[in-house]
file input.cif (mmCIF, C-alpha atoms and all ligand atoms)
data_input
#
loop_
_atom_site.label_atom_id
_atom_site.label_comp_id
_atom_site.auth_asym_id
_atom_site.auth_seq_id
_atom_site.Cartn_x
_atom_site.Cartn_y
_atom_site.Cartn_z
CA MET A 60 -8.49 3.84 32.00
CA LYS A 61 -7.08 4.90 28.65
CA ILE A 62 -5.17 2.11 26.93
CA PRO A 63 -2.61 3.13 24.28
CA TRP A 64 -3.50 1.49 20.97
CA PHE A 65 -1.96 1.02 17.63
CA ILE A 66 -3.40 -0.30 14.38
CA ILE A 67 -1.20 -2.60 12.38
CA GLY A 68 -1.60 -3.63 8.75
CA ASN A 69 0.96 -6.17 7.60
CA GLY A 70 3.71 -4.56 9.70
CA SER A 71 5.87 -4.10 6.59
CA ASN A 72 6.78 -0.47 7.25
CA ILE A 73 7.24 -0.61 10.99
CA LEU A 74 10.17 -0.97 13.36
CA PHE A 75 8.92 -1.85 16.82
CA SER A 76 11.03 -0.80 19.78
CA ASP A 77 13.05 -3.53 21.53
CA ASP A 78 10.86 -2.75 24.56
CA GLY A 79 7.77 -3.70 22.57
CA PHE A 80 4.55 -1.72 22.61
CA HIS A 81 2.76 -1.45 25.92
CA GLY A 82 -0.82 -1.29 24.75
CA LEU A 83 -3.31 -2.75 22.34
CA VAL A 84 -2.19 -3.73 18.84
CA ILE A 85 -5.22 -4.06 16.56
CA LYS A 86 -5.22 -5.96 13.27
CA LEU A 87 -8.29 -5.90 11.02
CA VAL A 88 -8.98 -9.33 9.52
CA GLY A 89 -12.08 -11.45 8.72
CA ASN A 90 -14.62 -9.26 6.90
CA PHE A 91 -11.93 -6.61 6.47
CA MET A 92 -10.25 -8.90 3.98
CA ARG A 93 -13.14 -8.78 1.49
CA VAL A 94 -13.05 -7.34 -2.01
CA ASN A 95 -16.18 -6.27 -3.90
CA ILE A 96 -15.84 -5.41 -7.54
CA ASN A 97 -18.48 -3.95 -9.86
CA ASN A 98 -18.43 -2.33 -13.29
CA ASN A 99 -16.45 0.77 -12.42
CA SER A 100 -15.15 0.48 -8.92
CA ILE A 101 -13.61 -1.91 -6.45
CA ILE A 102 -14.13 -1.76 -2.69
CA ALA A 103 -11.39 -3.36 -0.64
CA GLY A 104 -11.41 -3.97 3.10
CA SER A 105 -8.49 -2.53 5.03
CA GLY A 106 -6.94 -5.98 5.61
CA VAL A 107 -6.70 -6.88 1.92
CA LEU A 108 -3.11 -7.26 0.75
CA LEU A 109 -2.05 -5.15 -2.24
CA PRO A 110 -0.87 -8.14 -4.32
CA SER A 111 -4.34 -9.64 -3.82
CA LEU A 112 -6.04 -6.44 -5.04
CA SER A 113 -3.70 -6.42 -8.01
CA ARG A 114 -4.79 -10.00 -8.82
CA HIS A 115 -8.49 -9.07 -8.59
CA CYS A 116 -7.88 -6.25 -11.07
CA LEU A 117 -5.97 -8.59 -13.36
CA ALA A 118 -8.88 -11.05 -13.31
CA ASN A 119 -11.18 -8.22 -14.44
CA CYS A 120 -8.72 -6.80 -17.00
CA TRP A 121 -8.33 -3.49 -15.13
CA SER A 122 -5.00 -1.91 -15.87
CA GLY A 123 -3.11 0.49 -13.59
CA PHE A 124 -3.06 -1.65 -10.45
CA GLU A 125 -0.04 -3.70 -11.53
CA PHE A 126 2.35 -1.66 -9.35
CA MET A 127 0.66 -3.11 -6.24
CA CYS A 128 1.80 -6.66 -7.02
CA GLY A 129 5.14 -6.38 -5.19
CA ILE A 130 4.22 -4.25 -2.18
CA PRO A 131 3.74 -6.43 0.92
CA GLY A 132 1.25 -4.13 2.67
CA THR A 133 -2.48 -4.02 3.35
CA ILE A 134 -4.96 -1.48 2.01
CA GLY A 135 -5.04 0.18 5.46
CA GLY A 136 -1.27 0.64 5.63
CA ALA A 137 -0.94 1.50 1.96
CA VAL A 138 -3.59 4.23 2.04
CA ARG A 139 -2.07 5.67 5.22
CA MET A 140 1.38 5.69 3.53
CA ASN A 141 0.16 6.47 -0.01
CA ALA A 142 2.32 3.52 -1.00
CA GLY A 143 3.62 3.33 -4.51
CA THR A 144 6.39 2.78 -6.98
CA LYS A 145 7.58 4.52 -10.13
CA GLN A 146 4.62 2.84 -11.89
CA GLY A 147 1.93 4.34 -9.68
CA GLU A 148 0.69 5.30 -6.25
CA ILE A 149 -2.40 4.49 -4.18
CA LYS A 150 -3.77 7.98 -4.76
CA ASP A 151 -3.91 7.46 -8.55
CA HIS A 152 -6.91 5.13 -8.27
CA PHE A 153 -8.33 6.14 -4.90
CA VAL A 154 -11.91 7.44 -4.83
CA SER A 155 -12.96 7.41 -1.19
CA ALA A 156 -12.54 5.64 2.14
CA THR A 157 -14.66 4.70 5.11
CA VAL A 158 -12.95 5.40 8.41
CA LEU A 159 -13.63 5.05 12.11
CA THR A 160 -12.79 8.28 13.92
CA HIS A 161 -11.48 8.69 17.47
CA ASP A 162 -14.92 9.55 18.80
CA GLY A 163 -16.36 6.35 17.34
CA ALA A 164 -18.05 7.88 14.27
CA ILE A 165 -17.99 6.24 10.85
CA LYS A 166 -17.12 8.77 8.17
CA ASN A 167 -16.55 8.85 4.42
CA LEU A 168 -13.44 10.63 3.21
CA SER A 169 -12.99 11.81 -0.37
CA LYS A 170 -9.69 11.92 -2.22
CA GLU A 171 -9.37 15.65 -1.38
CA ASP A 172 -9.98 14.90 2.31
CA MET A 173 -7.08 12.45 2.28
CA GLN A 174 -4.49 15.14 1.38
CA PHE A 175 -2.25 12.59 -0.32
CA SER A 176 1.36 13.45 -1.00
CA TYR A 177 4.54 11.39 -1.36
CA ARG A 178 4.23 8.52 1.17
CA HIS A 179 1.75 10.54 3.20
CA SER A 180 -1.97 10.95 3.85
CA ILE A 181 -4.08 12.76 6.41
CA LEU A 182 -4.43 9.47 8.37
CA ALA A 183 -0.92 10.08 9.75
CA LYS A 184 -2.34 13.12 11.54
CA THR A 185 -5.89 12.11 12.43
CA ARG A 186 -5.09 8.46 13.25
CA ASP A 187 -8.54 7.57 11.93
CA ILE A 188 -8.83 3.84 11.32
CA LEU A 189 -9.38 2.97 7.70
CA LEU A 190 -12.09 0.33 7.33
CA SER A 191 -12.32 0.10 3.55
CA ALA A 192 -11.32 2.02 0.45
CA THR A 193 -12.90 2.42 -2.99
CA PHE A 194 -10.77 2.55 -6.11
CA ALA A 195 -11.86 3.41 -9.65
CA LYS A 196 -11.38 1.66 -12.94
CA HIS A 197 -9.55 3.97 -15.34
CA LYS A 198 -8.40 1.66 -18.05
CA VAL A 199 -9.06 -1.83 -19.34
CA ALA A 200 -6.42 -3.83 -21.16
CA PRO A 201 -5.95 -7.37 -22.44
CA LYS A 202 -5.27 -9.75 -19.55
CA GLU A 203 -2.05 -10.97 -21.17
CA ASP A 204 -0.67 -7.40 -21.24
CA ILE A 205 -1.44 -6.85 -17.56
CA GLN A 206 0.02 -10.24 -16.69
CA LYS A 207 3.18 -9.42 -18.62
CA THR A 208 3.60 -6.12 -16.75
CA ILE A 209 3.13 -7.90 -13.42
CA LYS A 210 5.72 -10.52 -14.32
CA GLU A 211 8.17 -7.79 -15.32
CA ILE A 212 7.62 -5.88 -12.09
CA ILE A 213 8.13 -9.00 -9.97
CA ALA A 214 11.25 -10.01 -11.91
CA SER A 215 12.72 -6.53 -11.60
CA ARG A 216 12.02 -6.40 -7.85
CA ARG A 217 13.60 -9.84 -7.37
CA GLN A 218 16.68 -8.63 -9.15
CA LYS A 219 17.05 -5.34 -7.26
CA GLN A 220 15.95 -6.30 -3.78
CA PRO A 221 18.17 -7.90 -1.15
CA ARG A 222 18.24 -11.67 -1.07
CA ILE A 223 18.00 -11.54 2.74
CA LYS A 224 14.27 -11.42 3.32
CA ARG A 225 14.22 -9.96 6.82
CA ASN A 226 14.04 -6.22 6.23
CA CYS A 227 11.56 -3.34 6.32
CA GLY A 228 11.79 -2.21 2.71
CA SER A 229 13.12 1.22 1.82
CA VAL A 230 14.33 2.91 4.97
CA PHE A 231 14.39 6.49 3.66
CA LYS A 232 12.06 8.42 1.37
CA SER A 233 13.47 9.71 -1.90
CA PRO A 234 14.87 13.17 -1.16
CA PRO A 235 13.97 16.12 -3.43
CA GLY A 236 16.08 16.10 -6.61
CA ASN A 237 16.72 13.26 -8.97
CA LYS A 238 18.89 11.01 -6.84
CA PRO A 239 17.28 8.29 -4.72
CA ALA A 240 18.27 7.88 -1.05
CA GLY A 241 20.24 4.71 -1.87
CA TRP A 242 22.50 6.68 -4.20
CA TYR A 243 23.68 8.96 -1.34
CA ILE A 244 24.19 6.00 0.99
CA GLU A 245 26.24 4.21 -1.64
CA GLN A 246 28.31 7.34 -2.38
CA VAL A 247 29.32 7.67 1.27
CA GLY A 248 30.54 4.07 1.18
CA LEU A 249 28.10 2.63 3.66
CA LYS A 250 26.99 -0.50 1.80
CA GLY A 251 27.75 -3.39 4.13
CA PHE A 252 27.96 -1.07 7.18
CA ARG A 253 26.93 -3.10 10.20
CA VAL A 254 25.79 -2.61 13.77
CA GLY A 255 25.15 -5.88 15.60
CA ASP A 256 23.25 -8.09 13.18
CA ALA A 257 21.75 -5.16 11.22
CA MET A 258 23.52 -4.33 7.97
CA ILE A 259 23.07 -1.98 5.02
CA SER A 260 22.37 -4.30 2.13
CA TYR A 261 25.04 -4.73 -0.53
CA GLU A 262 22.33 -5.13 -3.18
CA HIS A 263 20.32 -2.02 -2.30
CA ALA A 264 21.79 0.69 -0.08
CA ASN A 265 18.39 1.98 1.05
CA TRP A 266 17.60 -1.35 2.70
CA ILE A 267 18.78 -2.60 6.07
CA VAL A 268 18.75 -6.36 6.45
CA ASN A 269 18.62 -8.50 9.57
CA LEU A 270 21.44 -11.04 9.48
CA GLY A 271 19.93 -13.03 12.33
CA ASN A 272 19.46 -11.35 15.68
CA ALA A 273 19.35 -7.64 14.88
CA LYS A 274 17.70 -5.45 17.49
CA ALA A 275 15.61 -2.38 16.71
CA TYR A 276 18.38 -0.45 18.47
CA ASP A 277 20.95 -1.71 15.91
CA VAL A 278 18.75 -0.63 12.99
CA LYS A 279 18.11 2.78 14.57
CA SER A 280 21.84 3.28 15.17
CA ILE A 281 22.53 2.67 11.47
CA ILE A 282 19.71 5.03 10.47
CA SER A 283 21.04 7.84 12.70
CA TYR A 284 24.58 7.33 11.39
CA VAL A 285 23.43 7.40 7.75
CA GLU A 286 21.43 10.60 8.38
CA TYR A 287 24.48 12.22 9.96
CA ILE A 288 27.01 11.21 7.28
CA VAL A 289 24.77 12.08 4.32
CA LEU A 290 24.02 15.48 5.86
CA GLN A 291 27.74 16.13 6.45
CA LYS A 292 28.85 15.10 2.98
CA PHE A 293 25.96 16.26 0.79
CA ASN A 294 23.99 18.65 2.96
CA VAL A 295 20.99 16.44 2.22
CA CYS A 296 18.56 15.66 5.00
CA LEU A 297 17.24 12.12 4.51
CA GLU A 298 13.74 11.57 5.82
CA ARG A 299 12.79 8.21 7.26
CA GLU A 300 10.04 6.22 5.54
CA VAL A 301 10.02 3.37 8.06
CA LEU A 302 7.96 4.18 11.14
CA TYR A 303 9.26 3.77 14.70
CA ILE A 304 6.70 2.46 17.13
CA PRO A 305 5.91 3.83 19.68
CA GLU A 306 7.93 7.00 18.93
CA ASP A 307 6.06 7.94 15.73
CA LEU A 308 2.59 7.43 17.16
C1 LIG B 401 10.07 -6.03 1.05
C2 LIG B 401 9.34 -4.70 1.13
C3 LIG B 401 9.07 -3.99 -0.03
C4 LIG B 401 8.39 -2.76 0.03
N1 LIG B 401 8.15 -2.08 -1.15
C5 LIG B 401 7.46 -0.92 -1.10
C6 LIG B 401 7.18 -0.18 -2.30
O1 LIG B 401 7.56 -0.57 -3.40
N2 LIG B 401 6.48 0.97 -2.18
C7 LIG B 401 6.04 1.44 -0.98
O2 LIG B 401 5.39 2.50 -0.95
N3 LIG B 401 6.30 0.77 0.16
C8 LIG B 401 6.99 -0.39 0.13
N4 LIG B 401 7.25 -1.07 1.30
C9 LIG B 401 6.78 -0.52 2.57
C10 LIG B 401 5.37 -1.02 2.99
O3 LIG B 401 5.08 -2.27 2.39
C11 LIG B 401 4.27 -0.04 2.61
O4 LIG B 401 4.45 1.20 3.25
C12 LIG B 401 2.88 -0.58 2.97
O5 LIG B 401 1.92 0.26 2.44
C13 LIG B 401 2.66 -0.69 4.48
O6 LIG B 401 1.48 -1.45 4.66
P1 LIG B 401 1.27 -2.34 5.95
O7 LIG B 401 -0.10 -2.91 5.86
O8 LIG B 401 2.36 -3.29 6.14
O9 LIG B 401 1.29 -1.21 7.06
P2 LIG B 401 2.04 -1.25 8.50
O10 LIG B 401 3.49 -1.31 8.25
O11 LIG B 401 1.43 -2.31 9.34
O12 LIG B 401 1.60 0.16 9.04
C14 LIG B 401 2.06 1.34 8.42
C15 LIG B 401 1.24 2.52 8.99
O13 LIG B 401 -0.10 2.39 8.52
C16 LIG B 401 -0.99 2.42 9.63
N5 LIG B 401 -2.14 1.56 9.35
C17 LIG B 401 -2.15 0.25 9.05
N6 LIG B 401 -3.42 -0.16 8.86
C18 LIG B 401 -4.21 0.91 9.05
C19 LIG B 401 -5.63 1.14 9.02
N7 LIG B 401 -6.50 0.15 8.75
N8 LIG B 401 -6.08 2.38 9.25
C20 LIG B 401 -5.22 3.41 9.52
N9 LIG B 401 -3.89 3.26 9.59
C21 LIG B 401 -3.39 2.03 9.36
C22 LIG B 401 -0.18 1.89 10.82
O14 LIG B 401 -0.75 2.32 12.05
C23 LIG B 401 1.17 2.53 10.51
O15 LIG B 401 1.14 3.88 10.94
C24 LIG B 401 7.95 -2.27 1.27
C25 LIG B 401 8.22 -3.00 2.45
C26 LIG B 401 8.90 -4.19 2.39
C27 LIG B 401 9.20 -4.97 3.65
#

call {"tool": "encode", "arguments": {"input": "input.cif", "output": "structure tokens"}}
result
Amino acid sequence: MKIPWFIIGNGSNILFSDDGFHGLVIKLVGNFMRVNINNNSIIAGSGVLLPSLSRHCLANCWSGFEFMCGIPGTIGGAVRMNAGTKQGEIKDHFVSATVLTHDGAIKNLSKEDMQFSYRHSILAKTRDILLSATFAKHKVAPKEDIQKTIKEIIASRRQKQPRIKRNCGSVFKSPPGNKPAGWYIEQVGLKGFRVGDAMISYEHANWIVNLGNAKAYDVKSIISYVEYIVLQKFNVCLEREVLYIPEDL
């Protein structure tokens, strides 16, 4: 019998259906949470959290990994999504990855193999399971400088992000052009728009917060409405960043 399966990282970019997922949800922990650092590279297991990798790099005075400090995802999810911020993306430091393929083979993938683009990698298509990833050292800097950058990033995120913690981060990808998705949502007056207990955040229009008992259905209804209104008013097609499970499998 074939059992549907799904690999979860930290679940920070996922909206599960109200009906749940009828199959196996796999989370890689234990040895997959190890980090090995040497002179020029760092190997992180797929379960390692990005803020933890950022701290390892800080301890070794490696600069460039500061952007990871505020992203609540694992290496597995972040490589799959090519997670990033204005300060950097996973692909900038990525060297290679070890994956488990569908037919049970263990394979090494180079940066070219990964076909990284904005919030995308080949893993979305192949559904290979990332076991570990290797990142390179590009730059060393005084620890105090790296620490300062990290503090600034965290302070800035605290200021911009919604105070209500239950959310799934940015809902839409940045559309082509120089305006972020939140700008369009704000322009069409949808800050505070609510379905059930799901609401578009007043602090950041690209975030939907859960006021208590929001259902996936409520969040999806808001997403569909935003897509429709922004298309009508601006002829801009917003693309979802958050993944629906099981629909996006
Ligand atoms: C408060 C908040 C802030 C955020 N800020 C940012 C940000 O600044 N930048 C940004 O890019 N994102 C951001 N996100 C979104 C999210 O954190 C990232 O996309 C993150 O990389 C997802 O990692 P995860 O481990 O939670 O993956 P999940 O959400 O668990 O999974 C995402 C996808 O990755 C796949 N996956 C997970 N592990 C593996 C594996 N081992 N092998 C293969 N596939 C795997 C899953 O199957 C799924 O398809 C934010 C989210 C929140 C809630």

call {"tool": "closest_atom_pairs", "arguments": {"input": "input.cif", "of": "chain A", "to": "ligand LIG 401 (chain B)", "cutoff": "7 Å", "atoms": "only C-alpha atoms and all ligand atoms", "output": "CSV"}}
result
residue,atom,partner,partner_atom,distance
A:Phe65,CA,B:LIG401,O14,5.9
A:Ile66,CA,B:LIG401,O14,4.4
A:Ile67,CA,B:LIG401,O11,4.0
A:Gly68,CA,B:LIG401,O7,3.3
A:Asn69,CA,B:LIG401,O8,3.5
A:Gly70,CA,B:LIG401,O11,3.2
A:Ser71,CA,B:LIG401,O8,3.6
A:Asn72,CA,B:LIG401,O10,3.5
A:Ile73,CA,B:LIG401,O10,4.7
A:Leu87,CA,B:LIG401,N7,6.7
A:Ser105,CA,B:LIG401,N7,5.0
A:Gly106,CA,B:LIG401,N7,6.9
A:Gly129,CA,B:LIG401,O1,6.5
A:Ile130,CA,B:LIG401,N1,4.6
A:Pro131,CA,B:LIG401,O3,4.6
A:Gly132,CA,B:LIG401,O6,3.3
A:Thr133,CA,B:LIG401,O7,3.6
A:Ile134,CA,B:LIG401,O7,6.4
A:Gly135,CA,B:LIG401,N7,3.6
A:Gly136,CA,B:LIG401,O9,3.5
A:Ala137,CA,B:LIG401,O5,3.2
A:Val138,CA,B:LIG401,O5,6.8
A:Arg139,CA,B:LIG401,O13,5.1
A:Met140,CA,B:LIG401,O4,5.4
A:Asn141,CA,B:LIG401,O2,6.6
A:Ala142,CA,B:LIG401,O2,3.2
A:Gly143,CA,B:LIG401,O2,4.1
A:Thr144,CA,B:LIG401,O1,5.0
A:Arg178,CA,B:LIG401,O2,6.5
A:Leu182,CA,B:LIG401,C20,6.2
A:Ala183,CA,B:LIG401,O15,6.6
A:Arg186,CA,B:LIG401,C20,6.3
A:Asp187,CA,B:LIG401,C20,5.8
A:Ile188,CA,B:LIG401,N8,3.7
A:Leu189,CA,B:LIG401,N8,3.7
A:Leu190,CA,B:LIG401,N7,5.8
A:Asn226,CA,B:LIG401,C27,5.6
A:Cys227,CA,B:LIG401,C27,3.9
A:Gly228,CA,B:LIG401,C26,3.5
A:Ser229,CA,B:LIG401,C24,6.3
A:Leu302,CA,B:LIG401,O15,6.8

call {"tool": "atom_distance", "arguments": {"input": "input.cif", "atom1": "atom CA of A:Phe252", "atom2": "atom CA of A:Glu286"}}
result
13.4 Å

call {"tool": "closest_residue", "arguments": {"input": "input.cif", "among": "A:Ala200, A:Ile213, A:Leu74, A:Ala195", "to": "A:Asn119", "atoms": "all atoms listed in the file"}}
result
A:Ala200

call {"tool": "residues_around", "arguments": {"input": "input.cif", "residues": "A:His197", "least_positions_apart": "4", "cutoff": "8 Å", "atoms": "all atoms listed in the file", "output": "PyMOL selection string"}}
result
chain A and resi 121-123+152

call {"tool": "atom_distance", "arguments": {"input": "input.cif", "atom1": "atom CA of A:Tyr243", "atom2": "atom CA of A:Lys210"}}
result
29.5 Å

call {"tool": "atom_distance", "arguments": {"input": "input.cif", "atom1": "atom CA of A:Met92", "atom2": "atom CA of A:Ser180"}}
result
21.5 Å

call {"tool": "residues_around", "arguments": {"input": "input.cif", "residues": "stretch 167-170 of chain A", "least_positions_apart": "4", "cutoff": "7 Å", "atoms": "all atoms listed in the file", "output": "number ranges by chain"}}
result
A: 153-158

call {"tool": "closest_residue", "arguments": {"input": "input.cif", "among": "A:Val295, A:Cys128, A:Val247, A:Ala257", "to": "A:Pro234", "atoms": "all atoms listed in the file"}}
result
A:Val295

call {"tool": "residues_around", "arguments": {"input": "input.cif", "residues": "A:Leu117", "least_positions_apart": "2", "cutoff": "12 Å", "atoms": "all atoms listed in the file", "output": "JSON, numbers by chain"}}
result
{"A": [96, 110, 111, 112, 113, 114, 115, 119, 120, 121, 122, 123, 124, 125, 126, 127, 128, 196, 198, 199, 200, 201, 202, 203, 204, 205, 206, 207, 208, 209, 210]}

call {"tool": "closest_residue", "arguments": {"input": "input.cif", "among": "A:Tyr177, A:Asp77, A:Ser233, A:Cys116", "to": "A:Asn97", "atoms": "only C-alpha atoms"}}
result
A:Cys116

call {"tool": "closest_residue", "arguments": {"input": "input.cif", "among": "A:Arg225, A:Lys86, A:Ala240, A:Ser260", "to": "A:Asn272", "atoms": "only C-alpha atoms"}}
result
A:Arg225

call {"tool": "axis_aligned_box", "arguments": {"input": "input.cif", "around": "stretch 121-137 of chain A", "padding_each_side": "4 Å", "output": "AutoDock Vina command-line options"}}
result
--center_x -1.6 --center_y -2.6 --center_z -5.1 --size_x 21.5 --size_y 16.2 --size_z 29.5

call {"tool": "closest_residue", "arguments": {"input": "input.cif", "among": "A:Phe293, A:Tyr303, A:Tyr261, A:Phe175", "to": "A:Glu245", "atoms": "all atoms listed in the file"}}
result
A:Tyr261

call {"tool": "closest_residue", "arguments": {"input": "input.cif", "among": "A:Pro235, A:Gly79, A:Val84, A:Ala103", "to": "A:Ile62", "atoms": "all atoms listed in the file"}}
result
A:Val84

call {"tool": "decode", "arguments": {"input": "input.cif", "residues": "stretch 115-124 of chain A", "atoms": "all heavy atoms", "output": "PDB file, in the first residue's frame"}}
result
ATOM      1  N   HIS A 115      26.116  29.813  15.064  1.00  0.00           N
ATOM      2  CA  HIS A 115      27.370  29.075  14.845  1.00  0.00           C
ATOM      3  C   HIS A 115      28.341  29.933  14.030  1.00  0.00           C
ATOM      4  O   HIS A 115      29.535  29.967  14.312  1.00  0.00           O
ATOM      5  CB  HIS A 115      27.105  27.783  14.074  1.00  0.00           C
ATOM      6  CG  HIS A 115      26.674  26.651  14.954  1.00  0.00           C
ATOM      7  ND1 HIS A 115      27.557  25.898  15.687  1.00  0.00           N
ATOM      8  CD2 HIS A 115      25.452  26.165  15.222  1.00  0.00           C
ATOM      9  CE1 HIS A 115      26.891  24.979  16.376  1.00  0.00           C
ATOM     10  NE2 HIS A 115      25.605  25.128  16.104  1.00  0.00           N
ATOM     11  N   CYS A 116      27.810  30.606  13.015  1.00  0.00           N
ATOM     12  CA  CYS A 116      28.662  31.439  12.159  1.00  0.00           C
ATOM     13  C   CYS A 116      29.190  32.636  12.946  1.00  0.00           C
ATOM     14  O   CYS A 116      30.360  33.000  12.817  1.00  0.00           O
ATOM     15  CB  CYS A 116      27.896  31.882  10.914  1.00  0.00           C
ATOM     16  SG  CYS A 116      27.530  30.468   9.868  1.00  0.00           S
ATOM     17  N   LEU A 117      28.342  33.187  13.788  1.00  0.00           N
ATOM     18  CA  LEU A 117      28.774  34.297  14.645  1.00  0.00           C
ATOM     19  C   LEU A 117      29.943  33.843  15.530  1.00  0.00           C
ATOM     20  O   LEU A 117      30.964  34.529  15.632  1.00  0.00           O
ATOM     21  CB  LEU A 117      27.595  34.768  15.507  1.00  0.00           C
ATOM     22  CG  LEU A 117      27.925  35.642  16.706  1.00  0.00           C
ATOM     23  CD1 LEU A 117      28.420  37.012  16.248  1.00  0.00           C
ATOM     24  CD2 LEU A 117      26.716  35.830  17.617  1.00  0.00           C
ATOM     25  N   ALA A 118      29.786  32.659  16.126  1.00  0.00           N
ATOM     26  CA  ALA A 118      30.825  32.159  17.039  1.00  0.00           C
ATOM     27  C   ALA A 118      32.160  32.001  16.319  1.00  0.00           C
ATOM     28  O   ALA A 118      33.222  32.093  16.925  1.00  0.00           O
ATOM     29  CB  ALA A 118      30.384  30.841  17.644  1.00  0.00           C
ATOM     30  N   ASN A 119      32.104  31.754  15.003  1.00  0.00           N
ATOM     31  CA  ASN A 119      33.337  31.557  14.228  1.00  0.00           C
ATOM     32  C   ASN A 119      33.708  32.784  13.401  1.00  0.00           C
ATOM     33  O   ASN A 119      34.574  32.707  12.525  1.00  0.00           O
ATOM     34  CB  ASN A 119      33.182  30.328  13.333  1.00  0.00           C
ATOM     35  CG  ASN A 119      33.218  29.055  14.149  1.00  0.00           C
ATOM     36  OD1 ASN A 119      34.282  28.544  14.461  1.00  0.00           O
ATOM     37  ND2 ASN A 119      32.043  28.583  14.557  1.00  0.00           N
ATOM     38  N   CYS A 120      33.033  33.898  13.656  1.00  0.00           N
ATOM     39  CA  CYS A 120      33.301  35.176  12.976  1.00  0.00           C
ATOM     40  C   CYS A 120      33.076  35.119  11.463  1.00  0.00           C
ATOM     41  O   CYS A 120      33.735  35.828  10.713  1.00  0.00           O
ATOM     42  CB  CYS A 120      34.729  35.669  13.272  1.00  0.00           C
ATOM     43  SG  CYS A 120      34.987  35.984  14.998  1.00  0.00           S
ATOM     44  N   TRP A 121      32.164  34.265  11.015  1.00  0.00           N
ATOM     45  CA  TRP A 121      31.812  34.231   9.595  1.00  0.00           C
ATOM     46  C   TRP A 121      30.700  35.246   9.352  1.00  0.00           C
ATOM     47  O   TRP A 121      29.639  35.175   9.982  1.00  0.00           O
ATOM     48  CB  TRP A 121      31.261  32.874   9.184  1.00  0.00           C
ATOM     49  CG  TRP A 121      32.248  31.767   9.178  1.00  0.00           C
ATOM     50  CD1 TRP A 121      33.460  31.715   9.815  1.00  0.00           C
ATOM     51  CD2 TRP A 121      32.089  30.514   8.520  1.00  0.00           C
ATOM     52  NE1 TRP A 121      34.058  30.510   9.599  1.00  0.00           N
ATOM     53  CE2 TRP A 121      33.237  29.756   8.798  1.00  0.00           C
ATOM     54  CE3 TRP A 121      31.092  29.962   7.728  1.00  0.00           C
ATOM     55  CZ2 TRP A 121      33.415  28.472   8.307  1.00  0.00           C
ATOM     56  CZ3 TRP A 121      31.263  28.682   7.241  1.00  0.00           C
ATOM     57  CH2 TRP A 121      32.423  27.950   7.512  1.00  0.00           C
ATOM     58  N   SER A 122      30.930  36.113   8.412  1.00  0.00           N
ATOM     59  CA  SER A 122      29.904  37.107   8.106  1.00  0.00           C
ATOM     60  C   SER A 122      29.079  36.661   6.895  1.00  0.00           C
ATOM     61  O   SER A 122      29.555  35.869   6.071  1.00  0.00           O
ATOM     62  CB  SER A 122      30.609  38.436   7.830  1.00  0.00           C
ATOM     63  OG  SER A 122      29.673  39.386   7.457  1.00  0.00           O
ATOM     64  N   GLY A 123      27.853  37.170   6.799  1.00  0.00           N
ATOM     65  CA  GLY A 123      27.012  36.844   5.633  1.00  0.00           C
ATOM     66  C   GLY A 123      25.806  35.997   6.019  1.00  0.00           C
ATOM     67  O   GLY A 123      24.844  35.899   5.270  1.00  0.00           O
ATOM     68  N   PHE A 124      25.878  35.375   7.206  1.00  0.00           N
ATOM     69  CA  PHE A 124      24.798  34.481   7.625  1.00  0.00           C
ATOM     70  C   PHE A 124      23.842  35.181   8.597  1.00  0.00           C
ATOM     71  O   PHE A 124      22.939  34.559   9.131  1.00  0.00           O
ATOM     72  CB  PHE A 124      25.379  33.228   8.294  1.00  0.00           C
ATOM     73  CG  PHE A 124      26.159  32.355   7.342  1.00  0.00           C
ATOM     74  CD1 PHE A 124      27.446  32.697   6.954  1.00  0.00           C
ATOM     75  CD2 PHE A 124      25.594  31.208   6.809  1.00  0.00           C
ATOM     76  CE1 PHE A 124      28.162  31.903   6.070  1.00  0.00           C
ATOM     77  CE2 PHE A 124      26.304  30.408   5.925  1.00  0.00           C
ATOM     78  CZ  PHE A 124      27.596  30.761   5.551  1.00  0.00           C
TER      79      PHE A 124
END
